[in-house]
Amino acid sequence: MTDQLQRKRGRARTSPEKRRARAERILDAAVKLIERWGYDKTTIDDIAREAGVAKGTIYLHWKTREDLFMSVIMREALAVIEALQKYIAEHADSFAFHTLFPYAFLRYQERPLVKALLTNDVSLLGSMTQHDYLQGNSIARRKVLFAHAILAQMQEEGLLRSDLSLKRLEYMLAALFMGYMTLDPLWPEEERLPLKQQAQDLGEAIRRALENQQLPPPEKRRRLAYTVNEHIESFVIAIRAYLSQYMEGESHHDRPDSSQRPDEVLRSQPRHP
């Protein structure tokens, strides 16, 4: 009996729901170990033991260790993005950057791997920082293009200052957010502020430096919130599609040309409303 036939028969005995649950368990184990030891020191054997599966079972879902790790990153990022979507929807009438970014800051703190992706943290990502997807002309460039589309409309609609060029707005917002994201390791431990205080101060800095003193009325802010969530949804759809090719196991082995590359996930640019 060929290996391919054995795989197909094994897959027929396991329901899609069970295969997805198994994949989730493997990803949970990978997150736990990578956060503890970093990518370079985490092996497939370690993950299999932690997940309670055979090593070969992992390869039913992911062809390589790199594929598995990119799925870990994507799933962690999806959790943060979906939390932001929910927050924006629930606070649409009061939508403003000085409240959204502090919320995002706290969500990043809860997901060390997503924070590492944002800050290019070699201690966790290790050799994965050299992956094409994580290099400057890939994800970083797409993040800038995404921010450009969002900030342009927020400025046009009166949420952000109009006396600053769009490039300066982007740079100042990134500097404020990344400064708070990366400062703690460089600061004396006994002098560090609690995370909630940092988030509050970040919001105040954004409000004072970048937002108009008179913000738009609730109905306009509600519309802007909807626009932002529309842009974000394109990322959600792409990430879910990327993850789905692995979650049920084996199907991507039978269709080697169908797999979506990780550097294609954020390729679609946000739509102008």
# chains A, B, ... in the order shown; residues from 1 in each chain; ligands from 1
>>> closest_atom_pairs(of="range 15-127 of chain A", to="range 241-249 of chain A", cutoff="6 Å", atoms="only C-alpha atoms", output="JSON lines")
{"residue": "A:Pro16", "atom": "CA", "partner": "A:Glu248", "partner_atom": "CA", "distance": 5.7}
{"residue": "A:Arg19", "atom": "CA", "partner": "A:Glu248", "partner_atom": "CA", "distance": 5.0}
{"residue": "A:Arg20", "atom": "CA", "partner": "A:Met247", "partner_atom": "CA", "distance": 5.1}
{"residue": "A:Ala23", "atom": "CA", "partner": "A:Met247", "partner_atom": "CA", "distance": 5.5}
{"residue": "A:Leu60", "atom": "CA", "partner": "A:Gly249", "partner_atom": "CA", "distance": 5.2}
{"residue": "A:His61", "atom": "CA", "partner": "A:Gly249", "partner_atom": "CA", "distance": 4.1}
>>> write_last_selection(atoms="C-alpha atoms", output="mmCIF file, in the first residue's frame")
data_model
loop_
_atom_site.group_PDB
_atom_site.id
_atom_site.type_symbol
_atom_site.label_atom_id
_atom_site.label_comp_id
_atom_site.auth_asym_id
_atom_site.auth_seq_id
_atom_site.Cartn_x
_atom_site.Cartn_y
_atom_site.Cartn_z
ATOM 1 C CA PRO A 16 -12.428 17.111 10.036
ATOM 2 C CA ARG A 19 -8.228 16.935 12.810
ATOM 3 C CA ARG A 20 -8.811 20.632 13.449
ATOM 4 C CA ALA A 23 -4.043 20.962 14.921
ATOM 5 C CA LEU A 60 0.280 15.387 8.515
ATOM 6 C CA HIS A 61 -0.540 19.074 8.927
#
>>> residues_around(residues="range 217-234 of chain A", least_positions_apart="2", cutoff="7 Å", atoms="only C-alpha atoms", output="list in words")
Gln85, Ile88, Ala89, Ala92, Asp93, Ser94, Phe95, Ile150, Leu215, Val236, Ile237, Ala238, Pro270 and Arg271 of chain A
>>> select_by_dssp(residues="range 31-270 of chain A", states="alpha helix (DSSP H)", output="ChimeraX atom specification")
/A:31-37,44-51,55-61,65-90,97-110,112-119,122-125,141-156,166-182,195-210,218-247,251-254
>>> residues_around(residues="Leu33 in chain A", least_positions_apart="6", cutoff="9 Å", atoms="only C-alpha atoms", output="ChimeraX atom specification")
/A:39,41-42,46-47,50
>>> atom_distance(atom1="CA of Glu35 in chain A", atom2="CA of Ser123 in chain A")
9.6 Å
>>> atom_distance(atom1="CA of Ile34 in chain A", atom2="CA of Glu17 in chain A")
25.7 Å
>>> residues_around(residues="Ala174 in chain A", least_positions_apart="4", cutoff="12 Å", atoms="only C-alpha atoms", output="PyMOL selection string")
chain A and resi 101+118-119+140+143-144+147-148+151+167-170+178-182+202+206+210
>>> closest_residue(among="A:Gly38, A:Asp45, A:Leu166, A:Leu183", to="Pro112 in chain A", atoms="only C-alpha atoms")
A:Gly38
